[in-house]
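Below is one structure, written out as structure tokens, with a few remarks after it.
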Amino acid sequence: MATMSDASPAVARRSVVAPGPMALAILIALFLALFLVIPVGTVIYVAFTEKGSGAFTLVNFYDFARTDLFITSFWNSMYVATMTVVLASMFALPLAYLTTRFEFRGSGVVQMLGFIPLIMPPFAGAVAMQLIFGRNGTVNLLLDEWFGFKIPFMEGLNGVIFAQAVHYFPFILINLSAALRNIDRSMEEAAQNLGCQGFRLFRRIVFPLAMPGYVAGASLVFVKVFDDLATPLLLNVKDMLAPQAYLRITSIGLADPMGYVIAVVLIVVSVLAMGASAWVMKGRDYATVQRGGGGLAQRPLGRGQAVAAYAVVGLILFLVLAPHIGLFLLSIATVWSFSPLPDAFTFAHYERVFAESSVFIKNTLLYATLAGIIDVVFGVAIAYLVLRTRLPARHWLDWTASAALAIPGVVLGIGYLRTFFGVKMPDGTSLASFWIIIVLALAIRRLPYALRACYAALQQVSASLEEAAENLGANKQRTVRRIVLPLMMGGMLAGFVTSFATAAVELSATLMLVQSTSDAPLAYGLYVFMQSPAGRGAGAALGIIAVVLVAVCSLISNWIIERNQHLRNTRT
Amino acid sequence: MSASHGVGIEIRNVNLSYGANHILKDVSLSILPGEFFAFLGPSGCGKTTLLRLIAGFNQADSGDVLLDGQDISRLPPWRRDVGMVFQSYALWPHMTVARNVAFGLEERRLGRTEITEKVSAALALVGLSAFADRYPSQLSGGQQQRVALARTIAVEPKVLLLDEPLSNLDAKMRVQVRRELRDLQQRLGLTTIFVTHDQEEANSICDRIAVLNDGAVQQVGTPMDLYQHPANLFVAGFIGTANILAGHVVATGTERAFQIKDGVSLPLPAGSAAPKDARIVFRPQHATLEPIGTQGLAGTIVHREFLGATVRYGVDIAGSEILVEAAFSSTSSLREVGSPVSVAIDIDRAQLLGT
């Protein structure tokens with residue numbers, strides 16, 4: 001025993017100086033420093049310094065607080081983010097509860113349909129929603145004709161809230177469904193046994209137990225909406241924080257400090273929101289499916305209940321899928337204005353998009369693929385360093401990479417512009433206008449998701465499997481290549497797809513960084529098209545292409561992952 | 001907490017199937033007021049299903065459950081007033097110990113002061129008064145088990161159902177907790193049903209046991225009854241260790257014998273009625289090892305296990321192995337593996353059972 005305890009610190013000390021992992025860690029640290037820490041640090045630095053002299057000052061924040069427009073924008077952003085969480089919860093809660101806790105036919109389909117809004121750029125959906133829910137959209141035209149009144153679904157901030165809720169509610173749906181599935185049936189049965197039932201049972205037992213999942217999803221939605229740039233901009237809502245930051249930088253210039261101050265405010269609110277949710281969830285990891293437990297209880301629905309349930313689910317699905325339907329109609333419509341449905345149909349928009357704008361599609365595939373690969377490579381490397389080595393400060397790599405989650409795209413865009421604008425390429429152009437910068441911004445933005453997927457995948461590979469390989473003579477590199485990576489394949493692929501799919505429809509950072517149309521990705525092209533009434537048909541066609549692209553990629557990877565798992569299950 | 005008067009439970013001709021799976025087959029049982037009763041059987045025998053049926057979590061296809069003479073078959077779980085302690089304890093992780101225990105009382109709309117009193121009384125009863133403000137995750141397995149028990153008895157249910165309550169505890173705790181369970185049950189006089197697959201647990205604390213196998217009741221009786229007079233081969237083999245030998249009864253004149261193989265037979269006492277294709281069943285301690293050549297069945301010792309107070313020998317007799325237990329006194333009295341012996345069976349304590 002004594003020799004054992006003497007030996008282990010020595011082993012630890014030896015692995016500290018292992019050159020391979022050390023070099024890898026330094027490489028990752030450099031990457032994160034260059035493309036995350038320094039750009040964001042620059043933004044914060046500029047916000048706190050005097051224009052011209054570079055001396056420390058708080059006067060920029062004083063100016064911010066003194067400007068009515070900024071204060072209004074701040075409260076508007078807060079209001080929109082909060083109301084979006086409320087509305088998104090109203091969409092997600094019934095879907096999650098009905099499909100997980102009841103014998104609900106078609107729950108798989110509902111869960112899948114509920115996922116679809118995530119793979120469409122929210123601003124693309126926003127235009128389609130104008131046509132369906134807007135002042136002169138399908139629903140209001142019909143309401144006016146039948147009942148003589150209109151509902152301002154899409155007026156001002158309402159439109160942003162509605163569009164964002166439709167786009168982001170899957171985050172709540174996914175987290176809440178997972179949490180509900182993790183509640184062991186004995187939790188409910190014990191309450192029933194003590195005399196509790198119906199809505200009281202939901203309020204006292206089921207919902208509190210699902211709370212951590214709900215909070216995780218809701219805080220993510222809050223932060224995403226608070227930071228989002230493209231949707232308000234496209235709906236012509238300018239008095240919100242992210243659009244203000246964008247407008248200051250693009251119209252007044254990179255030297256104007258107000259854009260940086262707004263960026264700092266965005267970061268602070270994001271960090272606070274995430275910190276608050278982490279604090280609320282602290283010590284509340286209620287994984288209640290346990291030994292001797294009964295698994296998931298799915299209750300049957302009565303006849304009346306079933307009718308009501310299907311009606312609710314149908315209405316919600318109509319609301320959240322309306323943008324897709326609208327976008328599709330728009331993409332094949334000749335003219336669609338002041339009428340419930342388009343006047344006539346055509347494929348001209350698709351022809352135009354393929355003839356003029358295939359460069360957008362090509363760019364998107366290139367950028368999203370590169371970003372996905374970068375994310376998986378760095379994700380696996382960081383996960384391996386954290387979980388399998390005793391390198392000092394290895395957790396900092398994890399924390400830094402994950403911190404990107406709290407950095408709004410518009411802030412990263414501003415940071416890149418400021419940091420790399422002065423860096424000249426060999427041919428004399430600025431590094432900030434090189435398309436690789438867009439890829440790096442996308443990669444940094446999506447790294448936290450890929451990292452979590454890789455992390456989970458590596459955690460599932462038991463260390464004894466590696467030890468067995470080393471025991472049989474394989475060195476570290478060969479063990480990683482022959483044992484670890486093959487076993488992590490499913491998780492890596494999942495990480496790649498999340499990165500790829502979300503990078504393909506990302507616009508916040510891209511909007512700042514695209515310097516010429518020939519370098520622009522699909523989301524940017526869509527944004528440009530959507531700004532003119534004549535371009536809407538083509539924009540819609542491009543949007544449909546984006547949705548199909550992402551959906552096909554997700555389906556393929558899903559298929560590969562499931563096949564992989566199936567193989568592994570049959571093998572063991 | 002006052003001792004309540006236990007009520008009887010009557011289970012009448014209960015059948016239950018999941019699709020083509022016949023889980024419970026015409027089960028009828030009568031549990032007396034105040035009795036500590038066990039459902040004992042191997043996993044998959046339907047014992048937990050039967051317990052959940054009493055609690056209302058499973059519905060019988062036919063048959064009734066009567067509580068104190070009242071048919072409760074059609075009542076939902078929350079109106080049955082039968083307390084159940086779950087195998088997983090099912091403590092709600094978002095509530096403190098006190099809130100967990102108060103839950104059922106709150107559902108019964110009792111007054112605030114009354115709830116506080118009953119919660120402290122229930123926690124005092126299980127010796128956990130100091131833990132009222134802890135969360136379940138801060139308690140050990142044994143403490144969680146006692147909270148689950150306190151939560152159930154706080155509502156003073158008519159009967160107490162325990163679903164494998166000891167299975168998540170380590171061996172030492174199990175012995176302690178089962179004794180506490182018995183003491184508590186005696187003090188409260190509460191009719192209690194205890195589901196287990198462990199015969200030692202059932203034997204040590206229960207008044208009567210129903211042995212279940214394959215969805216049907218095999219035998220009901222006191223632990224000693226079941227051990228001494230098993231009704232069939234399943235019960236004989238499941239309760240305790242038994243030697244079960246195939247053979248048939250042969251009669252020569254008035255002499256009757258149980259023939260195991262050609263040339264190997266046991267004389268039977270006169271008047272013992274036996275089915276034709278019977279098995280002879282006897283316990284290892286009802287046979288003794290004698291020097292070879294003396295009366296008994298000749299065989300060879302093939303293995304030996306030292307169990308502490310006793311030594312168990314496996315003796316090969318014409319191809320079948322018989323277990324014989326002898327008290328252990330000293331190493332000098334041990335017999336070696338490979339040595340020939342004669343096995344004498346106390347035929348008065350052996351039983352003939354039909355297949």
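Every chain in the structure tokens has a letter given in the order shown (A, B, ...), and although residue numbers restart at 1 in each chain, ligands are simply numbered from 1 in the order shown.
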Quick one: residues within 8 Å of Val235 in chain B, only C-alpha atoms counted, chain neighbours fewer than 6 positions away excluded, as a PDB file with C-alpha atoms, in the first residue's frame?
ATOM      1  CA  VAL B 211     -44.913 -18.633  -2.082  1.00  0.00           C
ATOM      2  CA  GLN B 218     -47.876 -22.422  -4.569  1.00  0.00           C
ATOM      3  CA  GLN B 219     -48.460 -22.562  -0.835  1.00  0.00           C
ATOM      4  CA  LEU B 226     -43.399 -24.319   4.525  1.00  0.00           C
TER       5      LEU B 226
END
Give me the residues within 10 Å of Gly491 in chain A as a PDB file with N, CA and C atoms, in the first residue's frame, counting only C-alpha atoms and dropping any in the same chain fewer than 2 places off.
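The new file selection-v8.pdb reads:
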ATOM      1  N   VAL A 376     -14.714  19.851 -34.237  1.00  0.00           N
ATOM      2  CA  VAL A 376     -14.569  18.478 -33.767  1.00  0.00           C
ATOM      3  C   VAL A 376     -13.124  18.201 -33.378  1.00  0.00           C
ATOM      4  N   VAL A 380     -12.408  17.265 -29.572  1.00  0.00           N
ATOM      5  CA  VAL A 380     -11.811  15.998 -29.144  1.00  0.00           C
ATOM      6  C   VAL A 380     -10.536  16.262 -28.369  1.00  0.00           C
ATOM      7  N   ALA A 450     -19.910  21.506 -29.910  1.00  0.00           N
ATOM      8  CA  ALA A 450     -19.122  20.351 -30.339  1.00  0.00           C
ATOM      9  C   ALA A 450     -18.316  19.797 -29.172  1.00  0.00           C
ATOM     10  N   LEU A 451     -17.801  20.714 -28.358  1.00  0.00           N
ATOM     11  CA  LEU A 451     -16.995  20.285 -27.214  1.00  0.00           C
ATOM     12  C   LEU A 451     -17.816  19.422 -26.263  1.00  0.00           C
ATOM     13  N   ARG A 452     -19.051  19.847 -25.976  1.00  0.00           N
ATOM     14  CA  ARG A 452     -19.890  19.059 -25.063  1.00  0.00           C
ATOM     15  C   ARG A 452     -20.168  17.671 -25.639  1.00  0.00           C
ATOM     16  N   ALA A 453     -20.418  17.619 -26.949  1.00  0.00           N
ATOM     17  CA  ALA A 453     -20.690  16.323 -27.580  1.00  0.00           C
ATOM     18  C   ALA A 453     -19.464  15.415 -27.478  1.00  0.00           C
ATOM     19  N   CYS A 454     -18.276  15.956 -27.752  1.00  0.00           N
ATOM     20  CA  CYS A 454     -17.053  15.157 -27.684  1.00  0.00           C
ATOM     21  C   CYS A 454     -16.770  14.731 -26.245  1.00  0.00           C
ATOM     22  N   TYR A 455     -16.991  15.635 -25.341  1.00  0.00           N
ATOM     23  CA  TYR A 455     -16.794  15.391 -23.918  1.00  0.00           C
ATOM     24  C   TYR A 455     -17.636  14.179 -23.478  1.00  0.00           C
ATOM     25  N   ALA A 456     -18.930  14.237 -23.832  1.00  0.00           N
ATOM     26  CA  ALA A 456     -19.834  13.141 -23.448  1.00  0.00           C
ATOM     27  C   ALA A 456     -19.380  11.843 -24.084  1.00  0.00           C
ATOM     28  N   ALA A 457     -18.949  11.926 -25.357  1.00  0.00           N
ATOM     29  CA  ALA A 457     -18.538  10.700 -26.056  1.00  0.00           C
ATOM     30  C   ALA A 457     -17.321  10.081 -25.378  1.00  0.00           C
ATOM     31  N   LEU A 458     -16.372  10.921 -24.988  1.00  0.00           N
ATOM     32  CA  LEU A 458     -15.153  10.381 -24.375  1.00  0.00           C
ATOM     33  C   LEU A 458     -15.445   9.834 -22.981  1.00  0.00           C
ATOM     34  N   GLN A 460     -17.918   8.271 -22.090  1.00  0.00           N
ATOM     35  CA  GLN A 460     -18.520   6.944 -22.179  1.00  0.00           C
ATOM     36  C   GLN A 460     -17.506   5.865 -22.524  1.00  0.00           C
ATOM     37  N   LEU A 485     -10.651   6.986 -30.683  1.00  0.00           N
ATOM     38  CA  LEU A 485     -11.359   7.672 -31.762  1.00  0.00           C
ATOM     39  C   LEU A 485     -12.483   6.825 -32.359  1.00  0.00           C
ATOM     40  N   LEU A 487     -14.298   4.627 -30.944  1.00  0.00           N
ATOM     41  CA  LEU A 487     -15.412   4.560 -29.997  1.00  0.00           C
ATOM     42  C   LEU A 487     -16.102   5.907 -29.838  1.00  0.00           C
ATOM     43  N   MET A 488     -15.381   6.978 -30.123  1.00  0.00           N
ATOM     44  CA  MET A 488     -15.968   8.319 -29.982  1.00  0.00           C
ATOM     45  C   MET A 488     -16.688   8.772 -31.249  1.00  0.00           C
ATOM     46  N   MET A 489     -16.613   7.961 -32.282  1.00  0.00           N
ATOM     47  CA  MET A 489     -17.073   8.382 -33.611  1.00  0.00           C
ATOM     48  C   MET A 489     -18.480   8.985 -33.586  1.00  0.00           C
ATOM     49  N   LEU A 493     -19.365  12.819 -34.579  1.00  0.00           N
ATOM     50  CA  LEU A 493     -20.238  13.120 -35.705  1.00  0.00           C
ATOM     51  C   LEU A 493     -21.393  14.012 -35.257  1.00  0.00           C
ATOM     52  N   ALA A 494     -21.941  13.686 -34.091  1.00  0.00           N
ATOM     53  CA  ALA A 494     -23.021  14.516 -33.547  1.00  0.00           C
ATOM     54  C   ALA A 494     -22.527  15.946 -33.363  1.00  0.00           C
ATOM     55  N   GLY A 495     -21.308  16.076 -32.832  1.00  0.00           N
ATOM     56  CA  GLY A 495     -20.726  17.404 -32.653  1.00  0.00           C
ATOM     57  C   GLY A 495     -20.554  18.117 -33.978  1.00  0.00           C
ATOM     58  N   PHE A 496     -20.083  17.377 -34.993  1.00  0.00           N
ATOM     59  CA  PHE A 496     -19.875  17.979 -36.308  1.00  0.00           C
ATOM     60  C   PHE A 496     -21.199  18.492 -36.876  1.00  0.00           C
ATOM     61  N   VAL A 497     -22.229  17.653 -36.763  1.00  0.00           N
ATOM     62  CA  VAL A 497     -23.516  18.039 -37.365  1.00  0.00           C
ATOM     63  C   VAL A 497     -24.107  19.268 -36.678  1.00  0.00           C
ATOM     64  N   ILE A 561     -25.085   7.736 -37.087  1.00  0.00           N
ATOM     65  CA  ILE A 561     -24.937   7.566 -35.639  1.00  0.00           C
ATOM     66  C   ILE A 561     -25.720   6.349 -35.160  1.00  0.00           C
TER      67      ILE A 561
END
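Ranking B:Val65, B:Val337, B:Val97, B:Ala298 by their shortest atom-to-atom distance to Tyr313 in chain B, with only C-alpha atoms included, puts B:Val337 first.
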DSSP on the backbone: what in range 76-256 of chain B comes out alpha helix (DSSP H), as a ChimeraX atom specification? /B:97-107,112-125,141-153,171-188,199-205,223-228,233-238
All residues 7 Å or closer to range 527-540 of chain A, only C-alpha atoms, same chain fewer than 6 positions away omitted, as an mmCIF file with N, CA and C atoms, in the first residue's frame:
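That gives us result.cif:
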data_model
loop_
_atom_site.group_PDB
_atom_site.id
_atom_site.type_symbol
_atom_site.label_atom_id
_atom_site.label_comp_id
_atom_site.auth_asym_id
_atom_site.auth_seq_id
_atom_site.Cartn_x
_atom_site.Cartn_y
_atom_site.Cartn_z
ATOM 1 N N LEU A 327 -42.731 30.275 -46.238
ATOM 2 C CA LEU A 327 -41.509 30.417 -47.017
ATOM 3 C C LEU A 327 -41.583 29.589 -48.289
ATOM 4 N N PHE A 328 -42.119 28.388 -48.148
ATOM 5 C CA PHE A 328 -42.223 27.520 -49.315
ATOM 6 C C PHE A 328 -43.170 28.123 -50.348
ATOM 7 N N LEU A 330 -43.941 31.231 -50.661
ATOM 8 C CA LEU A 330 -43.302 32.431 -51.200
ATOM 9 C C LEU A 330 -42.290 32.066 -52.284
ATOM 10 N N SER A 331 -41.586 30.962 -52.081
ATOM 11 C CA SER A 331 -40.531 30.599 -53.019
ATOM 12 C C SER A 331 -41.083 30.139 -54.366
ATOM 13 N N ALA A 333 -44.137 31.452 -55.497
ATOM 14 C CA ALA A 333 -45.231 32.364 -55.817
ATOM 15 C C ALA A 333 -44.787 33.411 -56.838
ATOM 16 N N HIS A 349 -38.017 31.501 -59.317
ATOM 17 C CA HIS A 349 -37.116 31.927 -58.252
ATOM 18 C C HIS A 349 -35.979 30.935 -58.062
ATOM 19 N N TYR A 350 -36.324 29.648 -58.148
ATOM 20 C CA TYR A 350 -35.282 28.636 -57.979
ATOM 21 C C TYR A 350 -34.274 28.727 -59.121
ATOM 22 N N ARG A 352 -33.540 31.351 -60.806
ATOM 23 C CA ARG A 352 -32.733 32.549 -60.604
ATOM 24 C C ARG A 352 -31.648 32.289 -59.551
ATOM 25 N N VAL A 353 -32.046 31.623 -58.459
ATOM 26 C CA VAL A 353 -31.087 31.375 -57.389
ATOM 27 C C VAL A 353 -29.955 30.491 -57.886
#
Would you list which chain B residues are within 6 Å of chain A using only C-alpha atoms, as a ChimeraX atom specification? /B:77-78,87-88,90,104,107
Since we have the selection now, will you write its residues out, keeping N, CA and C atoms, as a CSV table (one decimal), in the first residue's frame?
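Full text of part_14.csv as output:
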chain,number,residue,atom,x,y,z
B,77,PRO,N,-55.6,4.8,-7.4
B,77,PRO,CA,-54.6,4.7,-6.4
B,77,PRO,C,-54.8,5.7,-5.2
B,78,TRP,N,-55.1,7.0,-5.6
B,78,TRP,CA,-55.1,8.0,-4.6
B,78,TRP,C,-56.3,8.0,-3.7
B,87,GLN,N,-39.6,0.2,-3.9
B,87,GLN,CA,-38.3,-0.4,-3.8
B,87,GLN,C,-37.2,0.6,-3.9
B,88,SER,N,-37.4,1.6,-4.8
B,88,SER,CA,-36.4,2.7,-5.0
B,88,SER,C,-36.6,3.8,-4.0
B,90,ALA,N,-38.4,6.2,-3.9
B,90,ALA,CA,-39.2,7.3,-4.6
B,90,ALA,C,-39.3,8.5,-3.7
B,104,GLY,N,-48.3,13.6,2.1
B,104,GLY,CA,-49.6,12.9,2.1
B,104,GLY,C,-50.6,13.6,3.0
B,107,GLU,N,-52.1,16.5,1.3
B,107,GLU,CA,-53.1,16.0,0.3
B,107,GLU,C,-54.4,15.7,1.0
